[in-house]
Structures are given as C-alpha cells and as structure tokens.
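The data block below is coords_26.pdb; it holds PDB, C-alpha atoms, pLDDT in the B column.
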```
ATOM      1  CA  MET W  25      81.884 -16.876 -60.823  1.00 95.00           C
ATOM      2  CA  LYS W  26      83.688 -17.871 -57.673  1.00 98.00           C
ATOM      3  CA  ILE W  27      81.580 -20.575 -56.048  1.00 98.00           C
ATOM      4  CA  GLY W  28      82.480 -21.313 -52.433  1.00 98.00           C
ATOM      5  CA  ILE W  29      81.404 -24.487 -50.678  1.00 98.00           C
ATOM      6  CA  ILE W  30      81.482 -24.563 -46.879  1.00 98.00           C
ATOM      7  CA  GLY W  31      81.769 -28.226 -45.984  1.00 94.00           C
ATOM      8  CA  GLY W  32      83.365 -28.724 -49.373  1.00 94.00           C
ATOM      9  CA  THR W  33      85.308 -31.837 -48.392  1.00 93.00           C
ATOM     10  CA  GLY W  34      82.065 -33.832 -48.034  1.00 92.00           C
ATOM     11  CA  GLY W  35      80.180 -35.698 -50.736  1.00 92.00           C
ATOM     12  CA  MET W  36      77.955 -32.800 -51.786  1.00 93.00           C
ATOM     13  CA  GLY W  37      80.923 -30.435 -52.000  1.00 95.00           C
ATOM     14  CA  LYS W  38      82.874 -32.902 -54.096  1.00 96.00           C
ATOM     15  CA  GLY W  39      79.962 -33.425 -56.481  1.00 96.00           C
ATOM     16  CA  PHE W  40      79.338 -29.732 -56.997  1.00 97.00           C
ATOM     17  CA  ALA W  41      83.055 -29.029 -57.511  1.00 97.00           C
ATOM     18  CA  LEU W  42      83.385 -31.737 -60.166  1.00 96.00           C
ATOM     19  CA  ARG W  43      80.340 -30.422 -62.045  1.00 96.00           C
ATOM     20  CA  TRP W  44      80.770 -26.650 -61.793  1.00 97.00           C
ATOM     21  CA  CYS W  45      84.540 -26.466 -62.370  1.00 97.00           C
ATOM     22  CA  LEU W  46      83.838 -26.718 -66.101  1.00 95.00           C
ATOM     23  CA  LYS W  47      82.885 -23.021 -66.136  1.00 96.00           C
ATOM     24  CA  HIS W  48      83.613 -21.571 -62.703  1.00 98.00           C
ATOM     25  CA  ASP W  49      86.286 -21.196 -60.036  1.00 98.00           C
ATOM     26  CA  VAL W  50      85.290 -23.433 -57.132  1.00 98.00           C
ATOM     27  CA  LEU W  51      86.594 -22.794 -53.608  1.00 98.00           C
ATOM     28  CA  ILE W  52      86.546 -25.763 -51.239  1.00 98.00           C
ATOM     29  CA  GLY W  53      86.128 -24.623 -47.641  1.00 97.00           C
ATOM     30  CA  SER W  54      87.096 -26.378 -44.422  1.00 95.00           C
ATOM     31  CA  ARG W  55      88.135 -25.364 -40.921  1.00 94.00           C
ATOM     32  CA  ASP W  56      91.434 -27.080 -41.831  1.00 94.00           C
ATOM     33  CA  SER W  57      92.910 -25.288 -44.855  1.00 94.00           C
ATOM     34  CA  GLN W  58      95.318 -28.145 -45.568  1.00 96.00           C
ATOM     35  CA  ARG W  59      92.461 -30.631 -45.673  1.00 96.00           C
ATOM     36  CA  ALA W  60      90.641 -28.323 -48.080  1.00 97.00           C
ATOM     37  CA  SER W  61      93.730 -27.980 -50.268  1.00 97.00           C
ATOM     38  CA  ASP W  62      94.267 -31.753 -50.382  1.00 97.00           C
ATOM     39  CA  ALA W  63      90.616 -32.327 -51.316  1.00 97.00           C
ATOM     40  CA  ALA W  64      90.824 -29.691 -54.052  1.00 97.00           C
ATOM     41  CA  SER W  65      93.882 -31.370 -55.578  1.00 97.00           C
ATOM     42  CA  GLU W  66      92.026 -34.685 -55.607  1.00 96.00           C
ATOM     43  CA  TYR W  67      88.965 -33.099 -57.242  1.00 97.00           C
ATOM     44  CA  VAL W  68      91.071 -31.434 -59.955  1.00 96.00           C
ATOM     45  CA  SER W  69      92.600 -34.787 -60.929  1.00 96.00           C
ATOM     46  CA  ILE W  70      89.200 -36.472 -61.082  1.00 95.00           C
ATOM     47  CA  ALA W  71      87.649 -33.584 -63.017  1.00 95.00           C
ATOM     48  CA  LYS W  72      90.386 -33.473 -65.652  1.00 95.00           C
ATOM     49  CA  GLU W  73      90.240 -37.237 -66.102  1.00 94.00           C
ATOM     50  CA  SER W  74      86.449 -37.215 -66.376  1.00 92.00           C
ATOM     51  CA  HIS W  75      85.998 -34.125 -68.547  1.00 91.00           C
ATOM     52  CA  GLY W  76      89.271 -34.154 -70.456  1.00 91.00           C
ATOM     53  CA  GLY W  77      89.943 -30.635 -69.176  1.00 90.00           C
ATOM     54  CA  ILE W  78      88.191 -27.879 -67.240  1.00 95.00           C
ATOM     55  CA  GLY W  79      87.529 -24.221 -67.961  1.00 96.00           C
ATOM     56  CA  GLY W  80      87.571 -23.181 -64.303  1.00 97.00           C
ATOM     57  CA  THR W  81      89.615 -24.063 -61.232  1.00 97.00           C
ATOM     58  CA  ILE W  82      89.259 -25.841 -57.896  1.00 98.00           C
ATOM     59  CA  ALA W  83      91.173 -24.555 -54.864  1.00 98.00           C
ATOM     60  CA  GLY W  84      91.015 -25.289 -51.154  1.00 97.00           C
ATOM     61  CA  LYS W  85      91.011 -22.623 -48.436  1.00 96.00           C
ATOM     62  CA  ASP W  86      89.908 -22.047 -44.860  1.00 97.00           C
ATOM     63  CA  ASN W  87      86.217 -21.283 -44.364  1.00 97.00           C
ATOM     64  CA  VAL W  88      86.690 -17.577 -43.640  1.00 97.00           C
ATOM     65  CA  SER W  89      88.697 -16.999 -46.833  1.00 97.00           C
ATOM     66  CA  VAL W  90      86.090 -18.868 -48.866  1.00 98.00           C
ATOM     67  CA  ALA W  91      83.265 -16.813 -47.370  1.00 98.00           C
ATOM     68  CA  GLU W  92      85.059 -13.530 -48.077  1.00 98.00           C
ATOM     69  CA  GLN W  93      85.946 -14.336 -51.694  1.00 98.00           C
ATOM     70  CA  SER W  94      82.829 -16.104 -53.021  1.00 98.00           C
ATOM     71  CA  ASP W  95      80.186 -14.738 -55.389  1.00 98.00           C
ATOM     72  CA  VAL W  96      78.005 -17.726 -54.489  1.00 98.00           C
ATOM     73  CA  LEU W  97      78.350 -19.541 -51.159  1.00 98.00           C
ATOM     74  CA  ILE W  98      76.886 -23.004 -50.551  1.00 98.00           C
ATOM     75  CA  LEU W  99      76.360 -24.159 -46.971  1.00 98.00           C
ATOM     76  CA  ALA W 100      76.882 -27.923 -47.187  1.00 96.00           C
ATOM     77  CA  ILE W 101      76.749 -28.258 -43.406  1.00 96.00           C
ATOM     78  CA  PRO W 102      74.634 -30.118 -40.827  1.00 96.00           C
ATOM     79  CA  TYR W 103      71.578 -28.440 -39.318  1.00 97.00           C
ATOM     80  CA  GLU W 104      73.093 -28.583 -35.831  1.00 97.00           C
ATOM     81  CA  ASN W 105      76.132 -26.560 -36.977  1.00 97.00           C
ATOM     82  CA  ILE W 106      74.185 -23.627 -38.455  1.00 98.00           C
ATOM     83  CA  ASP W 107      74.571 -21.286 -35.491  1.00 98.00           C
ATOM     84  CA  SER W 108      78.300 -21.839 -34.954  1.00 97.00           C
ATOM     85  CA  ILE W 109      79.284 -21.666 -38.634  1.00 97.00           C
ATOM     86  CA  CYS W 110      76.898 -18.987 -39.905  1.00 98.00           C
ATOM     87  CA  SER W 111      77.563 -16.641 -36.986  1.00 97.00           C
ATOM     88  CA  GLU W 112      81.258 -16.755 -37.868  1.00 97.00           C
ATOM     89  CA  LEU W 113      81.043 -16.540 -41.667  1.00 98.00           C
ATOM     90  CA  LEU W 114      77.957 -14.788 -42.998  1.00 98.00           C
ATOM     91  CA  GLY W 115      78.922 -11.390 -41.631  1.00 96.00           C
ATOM     92  CA  LYS W 116      82.045 -11.544 -43.815  1.00 96.00           C
ATOM     93  CA  ILE W 117      80.472 -12.237 -47.223  1.00 98.00           C
ATOM     94  CA  LYS W 118      80.148  -9.699 -50.041  1.00 96.00           C
ATOM     95  CA  ASP W 119      76.894  -7.724 -50.132  1.00 96.00           C
ATOM     96  CA  SER W 120      76.258  -9.197 -53.587  1.00 96.00           C
ATOM     97  CA  CYS W 121      76.922 -12.816 -52.560  1.00 98.00           C
ATOM     98  CA  THR W 122      74.124 -15.335 -53.078  1.00 98.00           C
ATOM     99  CA  VAL W 123      73.971 -17.920 -50.284  1.00 98.00           C
ATOM    100  CA  ILE W 124      72.508 -21.363 -50.989  1.00 98.00           C
ATOM    101  CA  SER W 125      71.130 -23.573 -48.216  1.00 98.00           C
ATOM    102  CA  PRO W 126      70.679 -27.274 -49.007  1.00 98.00           C
ATOM    103  CA  ILE W 127      70.486 -27.943 -45.239  1.00 98.00           C
ATOM    104  CA  VAL W 128      67.882 -30.407 -43.970  1.00 97.00           C
ATOM    105  CA  PRO W 129      66.798 -30.547 -40.303  1.00 98.00           C
ATOM    106  CA  MET W 130      66.014 -34.220 -39.848  1.00 97.00           C
ATOM    107  CA  VAL W 131      66.660 -37.046 -37.418  1.00 97.00           C
ATOM    108  CA  LYS W 132      66.461 -40.817 -37.782  1.00 96.00           C
ATOM    109  CA  THR W 133      64.171 -42.488 -35.238  1.00 95.00           C
ATOM    110  CA  GLU W 134      62.603 -45.918 -34.856  1.00 94.00           C
ATOM    111  CA  THR W 135      59.747 -44.648 -37.007  1.00 94.00           C
ATOM    112  CA  GLY W 136      62.013 -43.443 -39.811  1.00 96.00           C
ATOM    113  CA  PHE W 137      63.485 -40.112 -40.877  1.00 97.00           C
ATOM    114  CA  GLU W 138      61.546 -37.265 -39.268  1.00 97.00           C
ATOM    115  CA  PHE W 139      61.536 -33.479 -39.799  1.00 98.00           C
ATOM    116  CA  ILE W 140      62.982 -31.816 -36.688  1.00 97.00           C
ATOM    117  CA  PRO W 141      60.899 -28.598 -36.857  1.00 97.00           C
ATOM    118  CA  ILE W 142      57.721 -30.694 -36.670  1.00 96.00           C
ATOM    119  CA  LYS W 143      59.018 -33.287 -34.231  1.00 95.00           C
ATOM    120  CA  GLU W 144      60.792 -30.892 -31.854  1.00 95.00           C
ATOM    121  CA  GLY W 145      59.262 -27.499 -32.660  1.00 96.00           C
ATOM    122  CA  LYS W 146      62.556 -25.976 -33.797  1.00 97.00           C
ATOM    123  CA  PRO W 147      63.070 -23.479 -36.680  1.00 97.00           C
ATOM    124  CA  PHE W 148      63.567 -24.817 -40.187  1.00 98.00           C
ATOM    125  CA  ALA W 149      67.037 -24.383 -41.710  1.00 98.00           C
ATOM    126  CA  HIS W 150      66.240 -21.390 -43.939  1.00 98.00           C
ATOM    127  CA  GLN W 151      64.979 -19.446 -40.907  1.00 97.00           C
ATOM    128  CA  MET W 152      68.114 -20.206 -38.900  1.00 98.00           C
ATOM    129  CA  VAL W 153      70.550 -19.273 -41.660  1.00 98.00           C
ATOM    130  CA  GLN W 154      68.649 -16.089 -42.502  1.00 97.00           C
ATOM    131  CA  LYS W 155      69.207 -14.720 -38.994  1.00 97.00           C
ATOM    132  CA  TYR W 156      72.900 -14.265 -39.836  1.00 98.00           C
ATOM    133  CA  MET W 157      72.481 -12.762 -43.320  1.00 97.00           C
ATOM    134  CA  LYS W 158      73.278  -9.063 -43.823  1.00 93.00           C
ATOM    135  CA  ASN W 159      70.926  -9.023 -46.825  1.00 96.00           C
ATOM    136  CA  LYS W 160      68.357 -11.653 -45.912  1.00 97.00           C
ATOM    137  CA  SER W 161      66.848 -11.708 -49.414  1.00 97.00           C
ATOM    138  CA  LYS W 162      70.097 -13.126 -50.874  1.00 98.00           C
ATOM    139  CA  LEU W 163      69.457 -16.525 -49.272  1.00 98.00           C
ATOM    140  CA  VAL W 164      68.105 -19.260 -51.563  1.00 98.00           C
ATOM    141  CA  SER W 165      67.146 -22.798 -50.496  1.00 98.00           C
ATOM    142  CA  ALA W 166      67.865 -25.539 -53.053  1.00 98.00           C
ATOM    143  CA  PHE W 167      69.451 -28.966 -53.673  1.00 97.00           C
ATOM    144  CA  HIS W 168      67.722 -30.812 -50.817  1.00 96.00           C
ATOM    145  CA  VAL W 169      66.829 -33.964 -52.743  1.00 92.00           C
ATOM    146  CA  ILE W 170      69.909 -34.574 -54.868  1.00 90.00           C
ATOM    147  CA  SER W 171      71.722 -37.898 -54.475  1.00 87.00           C
ATOM    148  CA  GLU W 172      75.323 -37.321 -53.386  1.00 88.00           C
ATOM    149  CA  LYS W 173      76.337 -40.756 -54.668  1.00 88.00           C
ATOM    150  CA  LYS W 174      75.166 -39.838 -58.165  1.00 91.00           C
ATOM    151  CA  LEU W 175      76.359 -36.237 -57.978  1.00 93.00           C
ATOM    152  CA  VAL W 176      79.985 -37.251 -57.327  1.00 93.00           C
ATOM    153  CA  ASP W 177      80.159 -39.177 -60.610  1.00 92.00           C
ATOM    154  CA  PRO W 178      80.580 -36.395 -63.190  1.00 89.00           C
ATOM    155  CA  LYS W 179      80.017 -38.839 -66.055  1.00 87.00           C
ATOM    156  CA  LEU W 180      76.605 -39.805 -64.723  1.00 87.00           C
ATOM    157  CA  ALA W 181      73.631 -37.927 -66.186  1.00 84.00           C
ATOM    158  CA  LEU W 182      71.021 -36.939 -63.610  1.00 91.00           C
ATOM    159  CA  ASP W 183      67.258 -36.710 -64.057  1.00 91.00           C
ATOM    160  CA  TYR W 184      65.896 -34.753 -61.098  1.00 92.00           C
ATOM    161  CA  ASP W 185      63.847 -31.706 -60.275  1.00 97.00           C
ATOM    162  CA  ILE W 186      65.355 -29.333 -57.721  1.00 97.00           C
ATOM    163  CA  PHE W 187      62.983 -27.338 -55.525  1.00 98.00           C
ATOM    164  CA  VAL W 188      64.033 -23.698 -55.155  1.00 98.00           C
ATOM    165  CA  CYS W 189      62.803 -21.109 -52.633  1.00 98.00           C
ATOM    166  CA  GLY W 190      63.905 -17.491 -52.336  1.00 98.00           C
ATOM    167  CA  ASP W 191      62.969 -13.816 -52.425  1.00 98.00           C
ATOM    168  CA  ASP W 192      65.536 -12.041 -54.603  1.00 97.00           C
ATOM    169  CA  LYS W 193      65.125 -12.414 -58.387  1.00 97.00           C
ATOM    170  CA  GLU W 194      68.824 -11.913 -59.117  1.00 98.00           C
ATOM    171  CA  SER W 195      69.843 -14.603 -56.626  1.00 98.00           C
ATOM    172  CA  LEU W 196      67.156 -16.961 -57.896  1.00 98.00           C
ATOM    173  CA  ASP W 197      68.422 -16.465 -61.444  1.00 98.00           C
ATOM    174  CA  VAL W 198      71.966 -17.300 -60.322  1.00 98.00           C
ATOM    175  CA  VAL W 199      70.856 -20.505 -58.598  1.00 98.00           C
ATOM    176  CA  ASN W 200      68.613 -21.555 -61.484  1.00 98.00           C
ATOM    177  CA  GLY W 201      71.541 -21.035 -63.837  1.00 98.00           C
ATOM    178  CA  LEU W 202      73.795 -23.257 -61.731  1.00 98.00           C
ATOM    179  CA  ILE W 203      71.104 -25.937 -61.622  1.00 97.00           C
ATOM    180  CA  SER W 204      70.746 -25.871 -65.404  1.00 96.00           C
ATOM    181  CA  GLU W 205      74.510 -26.294 -65.838  1.00 95.00           C
ATOM    182  CA  ILE W 206      74.276 -29.771 -64.292  1.00 95.00           C
ATOM    183  CA  LYS W 207      72.898 -31.940 -67.082  1.00 91.00           C
ATOM    184  CA  GLY W 208      69.538 -33.485 -66.256  1.00 93.00           C
ATOM    185  CA  LEU W 209      68.561 -31.120 -63.430  1.00 96.00           C
ATOM    186  CA  ARG W 210      65.555 -28.802 -63.625  1.00 97.00           C
ATOM    187  CA  ALA W 211      64.730 -25.969 -61.227  1.00 98.00           C
ATOM    188  CA  ILE W 212      61.191 -25.931 -59.802  1.00 98.00           C
ATOM    189  CA  PHE W 213      60.307 -22.693 -57.999  1.00 98.00           C
ATOM    190  CA  LEU W 214      58.174 -23.257 -54.903  1.00 97.00           C
ATOM    191  CA  GLY W 215      57.932 -19.659 -53.701  1.00 98.00           C
ATOM    192  CA  SER W 216      59.525 -17.335 -51.171  1.00 98.00           C
ATOM    193  CA  GLY W 217      62.018 -18.307 -48.502  1.00 98.00           C
ATOM    194  CA  ALA W 218      59.138 -18.499 -46.036  1.00 97.00           C
ATOM    195  CA  LEU W 219      58.108 -21.711 -47.839  1.00 98.00           C
ATOM    196  CA  ALA W 220      61.580 -23.283 -47.772  1.00 98.00           C
ATOM    197  CA  TYR W 221      60.403 -25.774 -45.149  1.00 98.00           C
ATOM    198  CA  LEU W 222      58.459 -27.494 -47.935  1.00 97.00           C
ATOM    199  CA  ALA W 223      61.678 -28.134 -49.850  1.00 97.00           C
ATOM    200  CA  GLU W 224      63.494 -29.224 -46.691  1.00 98.00           C
ATOM    201  CA  MET W 225      60.726 -31.692 -45.806  1.00 97.00           C
ATOM    202  CA  SER W 226      61.108 -33.419 -49.155  1.00 97.00           C
ATOM    203  CA  THR W 227      64.375 -35.050 -48.021  1.00 96.00           C
ATOM    204  CA  PRO W 228      63.042 -37.192 -45.147  1.00 97.00           C
ATOM    205  CA  LEU W 229      60.050 -38.009 -47.358  1.00 96.00           C
ATOM    206  CA  LEU W 230      62.359 -39.255 -50.112  1.00 96.00           C
ATOM    207  CA  LEU W 231      64.634 -41.190 -47.736  1.00 96.00           C
ATOM    208  CA  ASN W 232      61.727 -42.996 -46.101  1.00 97.00           C
ATOM    209  CA  ALA W 233      60.339 -43.920 -49.522  1.00 96.00           C
ATOM    210  CA  MET W 234      63.780 -45.182 -50.559  1.00 95.00           C
ATOM    211  CA  ILE W 235      64.271 -47.375 -47.488  1.00 95.00           C
ATOM    212  CA  LYS W 236      60.748 -48.765 -47.218  1.00 95.00           C
ATOM    213  CA  ASN W 237      60.574 -49.603 -50.934  1.00 97.00           C
ATOM    214  CA  LYS W 238      64.202 -50.713 -51.393  1.00 95.00           C
ATOM    215  CA  MET W 239      65.005 -48.018 -53.972  1.00 93.00           C
ATOM    216  CA  LYS W 240      68.558 -47.035 -54.859  1.00 90.00           C
ATOM    217  CA  ASN W 241      69.457 -43.333 -54.709  1.00 87.00           C
ATOM    218  CA  PRO W 242      66.089 -42.027 -55.979  1.00 90.00           C
ATOM    219  CA  GLY W 243      65.287 -38.421 -56.833  1.00 91.00           C
ATOM    220  CA  ILE W 244      62.127 -36.388 -57.350  1.00 94.00           C
ATOM    221  CA  LYS W 245      60.685 -35.605 -60.775  1.00 94.00           C
ATOM    222  CA  ILE W 246      57.415 -33.771 -61.379  1.00 95.00           C
ATOM    223  CA  LEU W 247      55.586 -35.043 -64.469  1.00 93.00           C
TER
END
```
Translate this file's structure into structure tokens.
Amino acid sequence: MKIGIIGGTGGMGKGFALRWCLKHDVLIGSRDSQRASDAASEYVSIAKESHGGIGGTIAGKDNVSVAEQSDVLILAIPYENIDSICSELLGKIKDSCTVISPIVPMVKTETGFEFIPIKEGKPFAHQMVQKYMKNKSKLVSAFHVISEKKLVDPKLALDYDIFVCGDDKESLDVVNGLISEIKGLRAIFLGSGALAYLAEMSTPLLLNAMIKNKMKNPGIKIL
C-alpha cells in the first residue's frame, strides 16, 4: 500500500515511516516539499541501518500530492489545524482511501492535561475531520496513546494496546493490519466513530498518570 502521513516530518510520522517501510511505500507529507524530501532521505538511512534493508520505500512530497496518491492517509496534525488542513486535502483523496485520525484535542492547564471538548464544549477530533470526508465511513480513529519516543526507535519492541474506532469494516481491517505489523501492538476495537472521543480522552488520562507518578513513556495495556 501507499501510506501517506500528513505531518510526516514530526515524531509520529518518523516512527510510522521507520516501521511500515518494511512492507509498504510511505509518503511523507509537508507543506514544504523540500523539507518532506529531506526528512524522507533521513528516514531511509535510519531504516536501512536498523533493519538491514527495507521492502518498501520512503519518499517526501507536498501535502496535496500525498493526499492524492495515498491508499491510507494518516493525519498526524494538531487539533487546532484540522479545519485548515482537512478542508484543503480530504476532498482530493481517492474514494477508497482509509483516513486515520490519531488527533487528540487537549490543552495543558494548571490542573493538568484536559480534554478540550469537555473543558470548552468543542467537537472531538473525529467529528471535525469527518465533516471534510467524501465517504465519512472511511475515517478510523487510532494510535492516540502510542509513545512517539518509543515509536521512533525501530529496534525497540512495543507492548501496547491501540484503541480503534470506526464504521467501515474494510477500513477497520486495513488499520488493524497496520497495527499488527508493528511488533508488540494489539488493536482493541471500541466501537463506531461516534465513540472515538473515548479513545481521544485516553491520551490526557495517560499523560496525567505519567507526570503525577513519574512514569517514563507509558502505554495502555488491557489485561
């Protein structure tokens, strides 16, 4: 598959590229195509050194090109940028493209990390992204509680559960397959996209637990 990552020059994009390039063609997206290309070259070098070789590719392109060419598109973007980025890109994707939202609407206050939809009465991320989808059922929410610092080390085995929410079986199967390709991750289905706020809320919960209890890059595992 061609897996596009909008915001691919960030930590999450780097981690996914290094893991999924073993089997897939990964497209790193950025508003600046040169920045994306430079990041892709860096990721290829790291991936080949870590894995001894890769079966796929990593390339960098502008966001529009990535959106148009991807079979799976990951929105590794901030909550506050959803409207500007999704309004520009999601009308250009293939009808068959599965879109993944790992976006978390949260803010750090004196109390700790808080969930913006509860604190400020705003929509949760899945709702906002879905507004711009041609086929709204192709949106899947996942990867909210993964540690970027651990993800970017392709030699490091992970041991996390990933909450998944969505409405289209084919898209859910695609996302579950990608989760299973990263050693140590397990997909846990929570329900339809209408329940994606539950997955999104798990991030501020985890961060507050980490800070208050002096944990280092924790994840969530259901036993």
Identify, on the basis of all atoms listed in the file, every residue whose closest approach to Ser65 (chain W) does not exceed 12 Å; exclude the query and any residue fewer than 2 positions from it along the same chain; express the result as a PyMOL selection string. chain W and resi 33+38+41-42+50-52+58-63+67-72+81-85
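Distances to Leu230 (chain W) were evaluated for W:Lys47, W:Lys207, W:Lys155, W:Lys245 using only C-alpha atoms, and the minimum falls at W:Lys245.
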How far is it from CA of Ile206 (chain W) to CA of Arg43 (chain W), in Å with one decimal? 6.5 Å
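The environment of Ile170 (chain W) within 10 Å, counting all atoms listed in the file and disregarding residues fewer than 6 places along the same chain, consists of Met36, Pro126, Leu182, Asp183, Tyr184, Asp185, Ile186, Leu209, Thr227, Asn241, Pro242, Gly243 and Ile244 of chain W.
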Please, what distance in Å, to one decimal, runs between CA of Asn200 (chain W) and CA of Ile78 (chain W)? 21.4 Å
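Across the model, the gap from CA of Lys193 (chain W) to CA of Gly34 (chain W) is 29.2 Å.
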Translate the PyMOL selection byres ((chain W and resi 139-147) around 10), as applied to the file shown, into an explicit residue set as a ChimeraX atom specification. /W:103,128-132,136-138,148-153,221,224-229
Apply the PyMOL selection byres ((chain W and resi 215) around 9) to the file shown and report the selected residues as a list of chain:residue names. W:Val188, W:Cys189, W:Gly190, W:Asp191, W:Phe213, W:Leu214, W:Ser216, W:Gly217, W:Ala218, W:Leu219, W:Ala220
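Among the candidate residues W:Ser94, W:Ser165, W:Asn105, W:Gln154, the one lying nearest to Ser125 (chain W) is W:Ser165, with distances computed using only C-alpha atoms.
Residue nearest Ile203 (chain W), chosen from W:Phe187, W:His48, W:Val176, W:Lys118 and counting all atoms listed in the file: W:Phe187.
For the file at hand, the PyMOL selection byres ((chain W and resi 99) around 9) resolves to Gly28, Ile29, Ile30, Gly31, Gly32, Leu97, Ile98, Ala100, Ile101, Pro102, Ile106, Cys110, Val123, Ile124, Ser125, Pro126 and Ile127 of chain W.
Closest approach to Ala223 (chain W) from the set W:Ala181, W:Leu113, W:Cys121, W:Ala211 is made by W:Ala211, with distances taken over only C-alpha atoms.
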Using only C-alpha atoms, the residue out of W:Thr135, W:Ser111, W:Ser171, W:Thr122 with shortest distance to Tyr156 (chain W) is W:Ser111
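Closest approach to Leu196 (chain W) among W:Lys174, W:His168, W:Lys162, W:Lys179: W:Lys162, based on only C-alpha atoms.
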